[in-house]
$ cat protein13.txt   # compact mmCIF, C-alpha atoms
# COMPACT_ATOMS: atom_id res chain seq x y z
CA MET C 1 -23.93 -1.31 -29.86
CA ASP C 2 -21.23 1.29 -30.61
CA ASN C 3 -20.70 1.81 -26.88
CA LEU C 4 -20.27 -1.95 -26.42
CA LEU C 5 -17.71 -2.13 -29.24
CA ALA C 6 -15.79 0.78 -27.74
CA PHE C 7 -15.75 -1.00 -24.40
CA LEU C 8 -14.42 -4.31 -25.74
CA PRO C 9 -10.77 -3.22 -26.29
CA SER C 10 -10.59 -1.82 -22.74
CA PHE C 11 -12.15 -4.99 -21.35
CA GLY C 12 -9.70 -7.10 -23.35
CA ASN C 13 -6.76 -5.09 -22.04
CA THR C 14 -7.98 -5.57 -18.47
CA ILE C 15 -8.26 -9.33 -18.91
CA TYR C 16 -4.79 -9.43 -20.49
CA THR C 17 -3.33 -7.39 -17.62
CA LEU C 18 -4.95 -9.58 -14.97
CA ALA C 19 -3.79 -12.75 -16.71
CA ALA C 20 -0.20 -11.48 -16.91
CA PHE C 21 -0.30 -10.47 -13.23
CA VAL C 22 -1.71 -13.83 -12.11
CA ILE C 23 0.89 -15.75 -14.12
CA ALA C 24 3.80 -13.67 -12.79
CA LEU C 25 2.61 -13.81 -9.20
CA SER C 26 1.78 -17.51 -9.35
CA VAL C 27 5.25 -18.43 -10.60
CA ILE C 28 6.94 -16.37 -7.88
CA VAL C 29 4.69 -17.64 -5.08
CA ALA C 30 5.00 -21.25 -6.24
CA ILE C 31 8.81 -21.05 -6.20
CA HIS C 32 8.82 -19.31 -2.81
CA GLU C 33 6.50 -21.79 -1.15
CA TYR C 34 8.18 -24.75 -2.81
CA GLY C 35 11.42 -23.59 -1.18
CA HIS C 36 9.73 -23.82 2.23
CA TYR C 37 8.18 -27.15 1.36
CA ILE C 38 11.16 -29.02 -0.08
CA VAL C 39 13.73 -27.83 2.46
CA GLY C 40 11.26 -28.57 5.26
CA ARG C 41 10.84 -32.06 3.85
CA TRP C 42 14.61 -32.53 3.65
CA CYS C 43 14.81 -31.43 7.29
CA GLY C 44 12.19 -33.97 8.41
CA ILE C 45 9.27 -31.55 8.75
CA HIS C 46 5.99 -32.80 7.30
CA ALA C 47 3.88 -30.49 5.14
CA GLU C 48 0.15 -31.13 5.39
CA VAL C 49 -0.96 -28.55 2.81
CA PHE C 50 0.72 -26.78 -0.10
CA SER C 51 -1.64 -24.08 -1.37
CA LEU C 52 -1.25 -21.84 -4.38
CA GLY C 53 -3.72 -19.07 -3.64
CA PHE C 54 -6.19 -18.45 -0.81
CA GLY C 55 -9.88 -19.01 -0.27
CA PRO C 56 -12.11 -21.72 -1.76
CA GLN C 57 -10.34 -24.65 -3.36
CA LEU C 58 -10.58 -25.05 -7.12
CA ALA C 59 -8.59 -28.28 -7.33
CA ASN C 60 -6.63 -30.50 -4.96
CA TRP C 61 -4.87 -33.83 -4.75
CA THR C 62 -2.93 -35.68 -2.05
CA ASP C 63 0.48 -37.20 -2.75
CA LYS C 64 1.93 -40.41 -1.33
CA ARG C 65 3.56 -38.51 1.55
CA GLY C 66 0.18 -37.23 2.75
CA THR C 67 0.62 -33.65 1.56
CA ARG C 68 -2.48 -32.06 0.03
CA TRP C 69 -1.64 -29.88 -2.97
CA GLN C 70 -4.32 -27.36 -3.80
CA ILE C 71 -5.11 -24.44 -6.08
CA ALA C 72 -7.37 -21.84 -4.49
CA ALA C 73 -9.62 -19.16 -5.96
CA LEU C 74 -7.69 -16.03 -4.90
CA PRO C 75 -4.27 -16.07 -6.65
CA LEU C 76 -2.73 -13.40 -4.43
CA GLY C 77 -0.26 -15.57 -2.54
CA GLY C 78 0.09 -19.03 -1.13
CA TYR C 79 1.27 -20.97 1.88
CA VAL C 80 2.60 -24.25 3.23
CA ARG C 81 0.92 -25.53 6.38
CA PHE C 82 3.18 -27.87 8.28
CA LEU C 83 2.16 -30.51 10.78
CA GLY C 84 1.26 -28.85 14.08
CA ASP C 85 0.48 -25.46 12.52
CA ASP C 86 -2.68 -23.71 13.65
CA ASP C 87 -2.91 -21.51 10.55
CA ALA C 88 -1.20 -20.57 7.28
CA ALA C 89 1.19 -18.27 9.18
CA SER C 90 2.62 -21.27 11.10
CA GLY C 91 1.00 -20.43 14.42
CA MET C 92 1.29 -23.31 16.89
CA ASP C 93 -1.61 -25.67 17.46
CA GLU C 94 -0.69 -26.29 21.12
CA ALA C 95 -3.50 -28.75 21.84
CA ALA C 96 -2.65 -30.96 18.88
CA ILE C 97 1.09 -30.92 19.58
CA ARG C 98 0.60 -31.93 23.26
CA LYS C 99 -1.14 -35.11 22.13
CA MET C 100 1.67 -36.13 19.77
CA SER C 101 4.37 -38.64 20.43
CA ALA C 102 7.97 -37.42 20.52
CA GLN C 103 8.51 -38.87 17.04
CA ASP C 104 5.51 -37.05 15.56
CA ARG C 105 6.42 -33.83 17.39
CA ARG C 106 9.79 -33.91 15.63
CA ARG C 107 7.93 -33.83 12.31
CA THR C 108 6.26 -30.51 13.21
CA MET C 109 7.75 -27.09 12.53
CA HIS C 110 7.59 -26.25 16.23
CA GLY C 111 9.15 -29.49 17.43
CA ALA C 112 11.99 -29.55 14.90
CA PRO C 113 15.52 -28.48 15.86
CA LEU C 114 16.37 -24.81 15.52
CA TRP C 115 18.62 -25.40 12.51
CA ALA C 116 15.81 -27.22 10.67
CA ARG C 117 13.31 -24.45 11.32
CA THR C 118 15.79 -21.77 10.28
CA ALA C 119 16.66 -23.55 7.03
CA THR C 120 12.99 -24.13 6.20
CA VAL C 121 11.97 -20.52 6.74
CA ALA C 122 15.00 -19.05 4.96
CA ALA C 123 14.48 -21.32 1.95
CA GLY C 124 11.51 -19.33 0.60
CA PRO C 125 13.38 -16.06 -0.05
CA ILE C 126 16.50 -17.97 -1.10
CA PHE C 127 14.53 -19.84 -3.76
CA ASN C 128 13.23 -16.49 -5.04
CA PHE C 129 16.79 -15.25 -5.42
CA VAL C 130 17.84 -18.51 -7.08
CA LEU C 131 14.95 -18.17 -9.56
CA SER C 132 16.06 -14.62 -10.38
CA ILE C 133 19.70 -15.59 -10.87
CA LEU C 134 18.81 -18.52 -13.12
CA VAL C 135 16.37 -16.46 -15.22
CA PHE C 136 18.84 -13.59 -15.65
CA ALA C 137 21.60 -16.06 -16.53
CA SER C 138 19.38 -17.88 -19.03
CA VAL C 139 18.32 -14.66 -20.77
CA MET C 140 21.95 -13.53 -20.98
CA MET C 141 22.91 -16.87 -22.51
CA VAL C 142 20.08 -16.66 -25.05
CA GLN C 143 20.75 -13.02 -26.00
CA GLY C 144 24.53 -13.44 -25.87
CA GLN C 145 27.31 -10.87 -25.58
CA ALA C 146 28.89 -8.82 -28.33
CA THR C 147 31.87 -10.49 -29.97
CA LEU C 148 35.19 -8.86 -30.84
CA PRO C 149 35.93 -7.49 -33.31
CA LEU C 150 32.53 -5.77 -33.15
CA THR C 151 30.56 -7.18 -36.08
CA VAL C 152 27.29 -5.85 -37.51
CA ASP C 153 24.57 -8.51 -37.33
CA ARG C 154 21.51 -6.41 -38.21
CA ILE C 155 20.93 -2.73 -38.99
CA SER C 156 17.68 -1.15 -37.79
CA PRO C 157 15.66 0.57 -40.51
CA LEU C 158 15.73 4.38 -40.40
CA PRO C 159 13.77 7.06 -42.31
CA THR C 160 17.02 8.56 -43.67
CA GLY C 161 17.41 5.71 -46.14
CA ALA C 162 20.17 3.32 -47.14
CA TYR C 163 23.80 3.47 -46.00
CA GLU C 164 27.02 1.82 -47.13
CA LEU C 165 27.43 0.01 -43.80
CA ARG C 166 26.43 -3.64 -44.21
CA GLU C 167 25.69 -6.68 -42.14
CA GLY C 168 28.89 -8.64 -41.51
CA ASP C 169 31.14 -5.56 -41.41
CA GLU C 170 33.75 -5.65 -38.64
CA ILE C 171 33.87 -2.18 -37.08
CA ARG C 172 37.30 -0.78 -36.23
CA ALA C 173 36.44 2.89 -35.71
CA ILE C 174 33.44 5.25 -35.84
CA GLY C 175 33.98 8.90 -36.70
CA GLY C 176 37.71 8.43 -36.21
CA GLN C 177 37.24 6.98 -32.71
CA ASP C 178 38.77 3.52 -32.27
CA ILE C 179 36.39 0.78 -31.11
CA ASP C 180 38.25 -1.82 -29.06
CA SER C 181 35.34 -3.08 -26.95
CA PHE C 182 31.56 -2.97 -26.85
CA GLU C 183 31.73 -0.65 -23.82
CA THR C 184 33.68 1.91 -25.90
CA LEU C 185 30.53 2.60 -27.88
CA GLY C 186 28.91 4.16 -24.81
CA THR C 187 31.53 6.93 -24.73
CA LEU C 188 30.97 8.07 -28.33
CA THR C 189 28.05 10.44 -27.79
CA ASP C 190 30.29 13.24 -26.51
CA LEU C 191 32.91 12.72 -29.24
CA LEU C 192 30.96 12.44 -32.49
CA PRO C 193 29.43 15.29 -34.52
CA LEU C 194 25.63 15.36 -34.65
CA SER C 195 25.19 14.16 -38.19
CA ALA C 196 22.81 11.68 -39.77
CA SER C 197 25.80 10.13 -41.56
CA ILE C 198 29.12 9.09 -39.94
CA ASP C 199 32.32 7.49 -41.27
CA TYR C 200 32.81 3.86 -40.22
CA ASP C 201 36.22 2.22 -40.59
CA VAL C 202 35.41 -1.44 -41.23
CA THR C 203 36.90 -4.68 -42.42
CA ARG C 204 34.79 -6.31 -45.12
CA ASP C 205 35.75 -9.61 -46.72
CA GLY C 206 39.25 -9.17 -45.34
CA GLN C 207 39.64 -5.67 -46.80
CA GLY C 208 39.84 -2.45 -44.76
CA MET C 209 37.68 0.45 -45.97
CA THR C 210 35.79 3.53 -44.84
CA VAL C 211 32.03 3.57 -45.43
CA GLN C 212 29.15 5.85 -44.57
CA GLY C 213 26.80 4.69 -41.84
CA PRO C 214 24.06 6.14 -39.62
CA TYR C 215 24.70 7.95 -36.38
CA PRO C 216 25.32 5.07 -33.91
CA TYR C 217 22.75 6.28 -31.36
CA PRO C 218 19.86 7.70 -33.40
CA PRO C 219 16.46 8.60 -31.85
CA LEU C 220 15.50 4.93 -32.14
CA VAL C 221 13.17 3.42 -29.54
CA ALA C 222 14.93 0.38 -28.10
CA SER C 223 12.36 -0.22 -25.36
CA VAL C 224 9.28 1.40 -23.83
CA SER C 225 8.95 1.68 -20.05
CA PRO C 226 5.78 0.30 -18.42
CA GLN C 227 3.27 2.84 -17.10
CA SER C 228 4.91 5.69 -19.02
CA ALA C 229 3.61 8.38 -21.36
CA ALA C 230 5.14 6.52 -24.30
CA MET C 231 3.48 3.24 -23.32
CA ASP C 232 0.11 4.97 -22.93
CA ALA C 233 0.56 6.61 -26.36
CA GLY C 234 1.29 3.27 -28.03
CA LEU C 235 4.94 3.82 -28.97
CA ARG C 236 6.79 0.62 -29.87
CA LYS C 237 10.28 -0.78 -30.08
CA GLY C 238 11.71 0.20 -33.47
CA ASP C 239 9.91 3.56 -33.73
CA VAL C 240 12.14 6.47 -34.74
CA ILE C 241 11.54 9.99 -33.40
CA ALA C 242 12.11 12.11 -36.52
CA GLU C 243 11.18 15.48 -34.98
CA ILE C 244 10.38 16.98 -31.61
CA ASN C 245 8.44 20.25 -31.45
CA GLY C 246 9.15 20.79 -35.14
CA ALA C 247 12.94 20.39 -34.89
CA PRO C 248 14.67 17.46 -36.64
CA VAL C 249 16.32 14.93 -34.33
CA VAL C 250 19.52 13.11 -35.28
CA ALA C 251 20.67 11.64 -31.96
CA PHE C 252 18.79 10.12 -29.05
CA GLU C 253 20.65 12.54 -26.76
CA GLN C 254 18.84 15.44 -28.46
CA LEU C 255 15.51 13.82 -27.63
CA ARG C 256 16.61 13.33 -24.02
CA GLU C 257 17.64 16.99 -23.69
CA GLN C 258 14.42 18.32 -25.22
CA VAL C 259 12.19 16.14 -23.05
CA GLY C 260 14.26 16.82 -19.92
CA GLY C 261 13.97 20.56 -20.43
CA SER C 262 10.23 20.50 -21.04
CA GLN C 263 9.36 20.82 -17.33
CA GLY C 264 6.41 18.56 -18.00
CA ASP C 265 4.91 20.59 -20.86
CA PRO C 266 3.60 18.41 -23.70
CA VAL C 267 6.00 17.74 -26.56
CA GLN C 268 4.96 17.16 -30.15
CA LEU C 269 6.67 14.20 -31.78
CA GLU C 270 6.87 13.16 -35.42
CA ILE C 271 7.32 9.39 -35.35
CA TRP C 272 8.50 7.19 -38.20
CA ARG C 273 7.23 3.61 -38.19
CA ASP C 274 7.48 1.13 -41.05
CA GLY C 275 7.86 3.84 -43.66
CA GLU C 276 5.04 6.06 -42.39
CA ILE C 277 5.12 9.27 -40.35
CA PHE C 278 2.53 10.17 -37.72
CA SER C 279 2.27 12.81 -35.01
CA GLN C 280 1.87 12.18 -31.31
CA GLU C 281 1.72 14.58 -28.38
CA LEU C 282 3.12 13.31 -25.08
CA ALA C 283 3.36 14.96 -21.67
CA PRO C 284 6.66 14.00 -19.97
CA ARG C 285 6.35 12.74 -16.41
CA VAL C 286 8.72 13.45 -13.56
CA VAL C 287 10.61 10.33 -12.51
CA ASP C 288 13.06 9.68 -9.67
CA LEU C 289 16.09 8.06 -11.29
CA PRO C 290 18.87 6.32 -9.34
CA THR C 291 22.37 7.80 -9.62
CA GLN C 292 25.72 7.08 -7.99
CA ASP C 293 24.90 9.66 -5.31
CA GLY C 294 21.27 8.72 -4.70
CA PHE C 295 18.39 9.87 -6.89
CA GLU C 296 17.62 12.75 -9.21
CA GLN C 297 14.39 13.92 -10.78
CA ARG C 298 14.03 14.03 -14.55
CA TYR C 299 11.18 14.53 -16.97
CA LEU C 300 10.83 11.45 -19.17
CA ILE C 301 8.43 10.09 -21.76
CA GLY C 302 9.52 6.51 -21.05
CA VAL C 303 11.63 5.38 -24.00
CA THR C 304 15.22 4.16 -24.02
CA GLY C 305 17.63 4.40 -26.92
CA GLY C 306 20.09 1.93 -28.32
CA LEU C 307 22.57 1.22 -31.08
CA VAL C 308 21.39 1.50 -34.66
CA PHE C 309 22.79 -1.95 -35.30
CA GLU C 310 22.69 -5.20 -33.40
CA PRO C 311 26.18 -6.64 -32.94
CA ASP C 312 27.01 -10.27 -33.56
CA THR C 313 26.91 -12.14 -30.25
CA GLN C 314 28.06 -15.32 -28.62
CA SER C 315 26.62 -17.02 -25.57
CA PRO C 316 28.63 -16.70 -22.35
CA GLY C 317 29.49 -19.89 -20.48
CA PRO C 318 27.12 -21.10 -17.74
CA LEU C 319 29.41 -20.02 -14.88
CA SER C 320 29.93 -16.57 -16.38
CA ALA C 321 26.19 -16.18 -16.99
CA ILE C 322 25.34 -17.23 -13.44
CA GLY C 323 27.86 -14.72 -12.10
CA GLN C 324 26.24 -11.99 -14.19
CA GLY C 325 22.80 -13.15 -13.05
CA ALA C 326 23.88 -12.91 -9.40
CA ALA C 327 25.32 -9.44 -10.02
CA GLN C 328 22.03 -8.34 -11.62
CA THR C 329 20.05 -9.72 -8.67
CA TRP C 330 22.29 -7.90 -6.17
CA PHE C 331 21.96 -4.68 -8.22
CA ILE C 332 18.16 -4.87 -7.94
CA VAL C 333 18.39 -5.44 -4.17
CA GLU C 334 20.72 -2.45 -3.79
CA GLN C 335 18.53 -0.16 -5.87
CA SER C 336 15.37 -1.29 -4.06
CA LEU C 337 16.85 -0.71 -0.61
CA SER C 338 18.21 2.67 -1.72
CA GLY C 339 14.78 3.62 -3.05
CA LEU C 340 13.07 2.62 0.22
CA TYR C 341 15.60 4.59 2.25
CA HIS C 342 15.17 7.71 0.14
CA MET C 343 11.37 7.40 0.34
CA ILE C 344 11.53 7.13 4.14
CA THR C 345 13.79 10.18 4.37
CA GLY C 346 11.56 12.12 2.00
CA ALA C 347 14.26 12.55 -0.64
CA ILE C 348 12.01 11.02 -3.30
CA SER C 349 8.26 10.67 -3.64
CA SER C 350 6.48 7.82 -1.87
CA CYS C 351 4.59 7.36 -5.15
CA ASN C 352 7.54 5.22 -6.23
CA LEU C 353 6.04 2.45 -4.07
CA SER C 354 3.63 0.42 -6.18
CA GLY C 355 0.87 -1.81 -4.88
CA PRO C 356 -0.94 -4.74 -6.47
CA ILE C 357 -2.76 -2.53 -8.99
CA GLY C 358 0.45 -0.89 -10.17
CA ILE C 359 2.27 -4.22 -10.34
CA ALA C 360 -0.62 -5.71 -12.33
CA GLU C 361 -0.56 -2.83 -14.81
CA THR C 362 3.21 -3.18 -15.16
CA SER C 363 2.81 -6.93 -15.71
CA GLY C 364 0.42 -6.31 -18.58
CA ASP C 365 2.62 -3.60 -20.15
CA VAL C 366 5.72 -5.79 -19.99
CA ALA C 367 3.91 -8.87 -21.31
CA ARG C 368 2.88 -6.90 -24.40
CA GLN C 369 6.57 -6.29 -25.17
CA GLY C 370 7.30 -9.99 -25.60
CA LEU C 371 8.08 -13.20 -23.77
CA ILE C 372 11.70 -12.34 -22.93
CA SER C 373 10.69 -9.01 -21.37
CA PHE C 374 7.95 -10.72 -19.35
CA ILE C 375 10.29 -13.45 -18.09
CA TRP C 376 12.86 -10.80 -17.13
CA PHE C 377 10.15 -8.90 -15.23
CA ILE C 378 9.20 -12.06 -13.32
CA ALA C 379 12.84 -12.37 -12.23
CA VAL C 380 12.93 -8.73 -11.11
CA LEU C 381 9.69 -9.18 -9.15
CA SER C 382 10.99 -12.44 -7.64
CA THR C 383 14.04 -10.57 -6.32
CA ALA C 384 11.79 -7.94 -4.78
CA VAL C 385 9.58 -10.59 -3.14
CA GLY C 386 12.60 -12.42 -1.74
CA MET C 387 14.03 -9.19 -0.35
CA LEU C 388 10.72 -8.07 1.14
CA ASN C 389 10.23 -11.40 2.90
CA LEU C 390 13.59 -11.01 4.65
CA PHE C 391 12.54 -7.79 6.34
CA PRO C 392 12.55 -8.33 10.14
CA VAL C 393 8.79 -7.92 10.45
CA PRO C 394 6.70 -10.50 12.33
CA VAL C 395 4.49 -12.50 9.91
CA LEU C 396 7.21 -12.31 7.24
CA ASP C 397 10.00 -14.87 6.97
CA GLY C 398 12.47 -12.31 8.24
CA GLY C 399 10.44 -11.91 11.42
CA HIS C 400 10.53 -15.66 12.04
CA LEU C 401 14.30 -15.64 11.51
CA VAL C 402 14.61 -12.90 14.14
CA PHE C 403 12.65 -15.08 16.57
CA PHE C 404 15.00 -17.98 15.82
CA ALA C 405 18.02 -15.74 16.41
CA TYR C 406 16.51 -14.74 19.76
CA GLU C 407 16.03 -18.41 20.61
CA ALA C 408 19.63 -19.20 19.66
CA ILE C 409 20.96 -16.45 21.93
CA ILE C 410 18.59 -16.77 24.93
CA GLY C 411 18.17 -20.53 24.76
CA LYS C 412 14.39 -20.55 24.45
CA PRO C 413 11.83 -19.07 22.03
CA PRO C 414 9.71 -16.02 22.89
CA SER C 415 6.58 -16.82 24.87
CA GLU C 416 3.39 -17.63 22.99
CA LYS C 417 1.79 -14.46 24.35
CA ALA C 418 4.68 -12.32 23.11
CA LEU C 419 4.57 -14.05 19.73
CA ARG C 420 0.86 -13.37 19.35
CA VAL C 421 1.33 -9.68 20.16
CA LEU C 422 4.29 -9.33 17.82
CA MET C 423 2.52 -11.19 15.02
CA SER C 424 -0.50 -8.90 15.41
CA ILE C 425 1.75 -5.86 15.18
CA GLY C 426 3.49 -7.31 12.13
CA LEU C 427 0.18 -8.06 10.44
CA ALA C 428 -1.01 -4.52 11.14
CA LEU C 429 2.18 -3.12 9.59
CA ILE C 430 1.80 -5.25 6.47
CA LEU C 431 -1.87 -4.34 6.05
CA THR C 432 -1.02 -0.64 6.52
CA LEU C 433 1.71 -0.88 3.89
CA MET C 434 -0.66 -2.63 1.49
CA LEU C 435 -3.33 0.03 2.01
CA PHE C 436 -0.74 2.77 1.47
CA SER C 437 0.53 1.15 -1.74
CA VAL C 438 -3.00 0.69 -3.10
CA THR C 439 -3.66 4.37 -2.35
CA ASN C 440 -0.55 5.19 -4.37
CA ASP C 441 -1.84 3.08 -7.25
CA LEU C 442 -5.16 4.94 -7.26
CA PHE C 443 -4.11 8.54 -6.63
CA CYS C 444 -0.47 9.02 -7.64
CA PRO C 445 -0.01 10.59 -11.08

$ encode --input "protein13.txt" --output "structure tokens"
Amino acid sequence: MDNLLAFLPSFGNTIYTLAAFVIALSVIVAIHEYGHYIVGRWCGIHAEVFSLGFGPQLANWTDKRGTRWQIAALPLGGYVRFLGDDDAASGMDEAAIRKMSAQDRRRTMHGAPLWARTATVAAGPIFNFVLSILVFASVMMVQGQATLPLTVDRISPLPTGAYELREGDEIRAIGGQDIDSFETLGTLTDLLPLSASIDYDVTRDGQGMTVQGPYPYPPLVASVSPQSAAMDAGLRKGDVIAEINGAPVVAFEQLREQVGGSQGDPVQLEIWRDGEIFSQELAPRVVDLPTQDGFEQRYLIGVTGGLVFEPDTQSPGPLSAIGQGAAQTWFIVEQSLSGLYHMITGAISSCNLSGPIGIAETSGDVARQGLISFIWFIAVLSTAVGMLNLFPVPVLDGGHLVFFAYEAIIGKPPSEKALRVLMSIGLALILTLMLFSVTNDLFCP
């Protein structure tokens, strides 16, 4: 009985992780395939089947246009099968197409004009990018941006006790350093003394005064990275690292330096949470971090720091938020492509490539941090899926677009024999990559 009870939490975590993974993947696949479907419909191409998942059908219904919508048992992808397709990968059913009238042939993917086929295929990845941009923009609008003058909205609790700084104070300077923008705060770590208490020049109720407040970047956990030592140890947002290896910690930068210099040796942390102190030993893990010049290796435990107070915010306008969402999406694409390049050249470990197991574990870790974090993760994953599908590999959307480009230049599509060979090669490449990524999930540290 005791063994069963010990097993239940692990079983529950596995179910939670799988559920989070299925939800994230289903949303991304549904948006991707809906892009193919709706643009194909707009272009006069008839969809016979819209499937979310593969394998045996769990549920299905047929709409008034004759498209069968179905949910299948294996939620690891999906597809749209258009009229005249021989399979889910849009292979041509030559025998069926030969028997069609010219009007019906136009409603097939293979009989549609080149522009219609190109738009239909490109729509899947484009819809993934649109989803990402809209999610990023929505989150930014909900969370808002710091207002000026910088105003304290909420102060995070710390073990060092109460301070004179209050909610509603308008901050003019910290430690004698003028604060004229939110970005200025990021430059303070090299300018302020390492002290648990700092002078804040504030305006309160219309009166200027100097009050004592906490160090602006204390060893406060602002977020915990998925699949990290901190996540495995159960650290949470809001935890404060009071000591590391017996030495008191005042600033998050001290924690970063101690962990970075550990060379992977375990560090002993004293953690303050809700008024109680407990000890936790963590072994930092080497991580390849992106920099302006490429990547560098650092030892990390997987926590990020943040301001001791939350500033008052206001929501950006829709156009501004969408612009920021597009910039965030492009940043993810750039970092992903840079990571792939550095893995290929051997500059960083190929263990940075995660497969379905790693993505599932990350989904579960992020979902435990809250709805906003999980929605943000879905947007990040949607960007990655959109980018991956544009790679010029047969079977993927990018491969089809290459075939269409060839047709536009030469004046006719590649032969069916050539297409079959290329599609087989593309499928072999994708399966090899999947096997490699699953191996990473199982054997990489």

$ residues_around --input "protein13.txt" --residues "region 234-241 of chain C" --least-positions-apart "2" --cutoff "9 Å" --atoms "only C-alpha atoms" --output "mmCIF file with C-alpha atoms, in the frame of the given file"
data_model
loop_
_atom_site.group_PDB
_atom_site.id
_atom_site.type_symbol
_atom_site.label_atom_id
_atom_site.label_comp_id
_atom_site.auth_asym_id
_atom_site.auth_seq_id
_atom_site.Cartn_x
_atom_site.Cartn_y
_atom_site.Cartn_z
ATOM 1 C CA SER C 156 17.680 -1.150 -37.790
ATOM 2 C CA PRO C 157 15.660 0.570 -40.510
ATOM 3 C CA LEU C 158 15.730 4.380 -40.400
ATOM 4 C CA PRO C 159 13.770 7.060 -42.310
ATOM 5 C CA PRO C 218 19.860 7.700 -33.400
ATOM 6 C CA PRO C 219 16.460 8.600 -31.850
ATOM 7 C CA LEU C 220 15.500 4.930 -32.140
ATOM 8 C CA VAL C 221 13.170 3.420 -29.540
ATOM 9 C CA ALA C 222 14.930 0.380 -28.100
ATOM 10 C CA SER C 223 12.360 -0.220 -25.360
ATOM 11 C CA VAL C 224 9.280 1.400 -23.830
ATOM 12 C CA ALA C 229 3.610 8.380 -21.360
ATOM 13 C CA ALA C 230 5.140 6.520 -24.300
ATOM 14 C CA MET C 231 3.480 3.240 -23.320
ATOM 15 C CA ASP C 232 0.110 4.970 -22.930
ATOM 16 C CA GLU C 243 11.180 15.480 -34.980
ATOM 17 C CA ILE C 244 10.380 16.980 -31.610
ATOM 18 C CA PRO C 248 14.670 17.460 -36.640
ATOM 19 C CA VAL C 249 16.320 14.930 -34.330
ATOM 20 C CA VAL C 250 19.520 13.110 -35.280
ATOM 21 C CA PHE C 252 18.790 10.120 -29.050
ATOM 22 C CA LEU C 255 15.510 13.820 -27.630
ATOM 23 C CA LEU C 269 6.670 14.200 -31.780
ATOM 24 C CA GLU C 270 6.870 13.160 -35.420
ATOM 25 C CA ILE C 271 7.320 9.390 -35.350
ATOM 26 C CA TRP C 272 8.500 7.190 -38.200
ATOM 27 C CA ARG C 273 7.230 3.610 -38.190
ATOM 28 C CA ASP C 274 7.480 1.130 -41.050
ATOM 29 C CA VAL C 303 11.630 5.380 -24.000
ATOM 30 C CA GLN C 369 6.570 -6.290 -25.170
#

$ closest_residue --input "protein13.txt" --among "C:Val366, C:Ala20, C:Ile28, C:Ile45" --to "Asp104 (chain C)" --atoms "all atoms listed in the file"
C:Ile45

$ residues_around --input "protein13.txt" --residues "Asp312 (chain C)" --least-positions-apart "6" --cutoff "7 Å" --atoms "only C-alpha atoms" --output "list of chain:residue names"
C:Ala146, C:Thr147, C:Thr151, C:Val152, C:Asp153

$ residues_around --input "protein13.txt" --residues "Thr108 (chain C)" --least-positions-apart "5" --cutoff "9 Å" --atoms "all atoms listed in the file" --output "list in words"
Gly44, Ile45, His46, Ala47, Phe82, Leu83, Gly84, Asp85 and Ile97 of chain C

$ atom_distance --input "protein13.txt" --atom1 "CA of Ser138 (chain C)" --atom2 "CA of Pro318 (chain C)"
8.5 Å

$ axis_aligned_box --input "protein13.txt" --around "region 275-282 of chain C" --padding-each-side "8 Å" --output "JSON"
{"center_x": 4.8, "center_y": 9.2, "center_z": -34.4, "size_x": 22.1, "size_y": 26.7, "size_z": 34.6}

$ atom_distance --input "protein13.txt" --atom1 "CA of Leu401 (chain C)" --atom2 "CA of Ala112 (chain C)"
14.5 Å

$ residues_around --input "protein13.txt" --residues "Leu165 (chain C)" --least-positions-apart "5" --cutoff "8 Å" --atoms "only C-alpha atoms" --output "PDB file with C-alpha atoms, keeping the file's coordinate frame"
ATOM      1  CA  TYR C 200      32.810   3.860 -40.220  1.00  0.00           C
ATOM      2  CA  VAL C 211      32.030   3.570 -45.430  1.00  0.00           C
ATOM      3  CA  GLN C 212      29.150   5.850 -44.570  1.00  0.00           C
ATOM      4  CA  GLY C 213      26.800   4.690 -41.840  1.00  0.00           C
TER       5      GLY C 213
END

$ closest_residue --input "protein13.txt" --among "C:Ser101, C:Thr17, C:Asn352, C:Ser315" --to "Val142 (chain C)" --atoms "all atoms listed in the file"
C:Ser315

$ residues_around --input "protein13.txt" --residues "Gly325 (chain C)" --least-positions-apart "4" --cutoff "9 Å" --atoms "all atoms listed in the file" --output "count of residues only"
12

$ closest_residue --input "protein13.txt" --among "C:Gly78, C:Gly55, C:Gly364, C:Gly40" --to "Gln227 (chain C)" --atoms "all atoms listed in the file"
C:Gly364
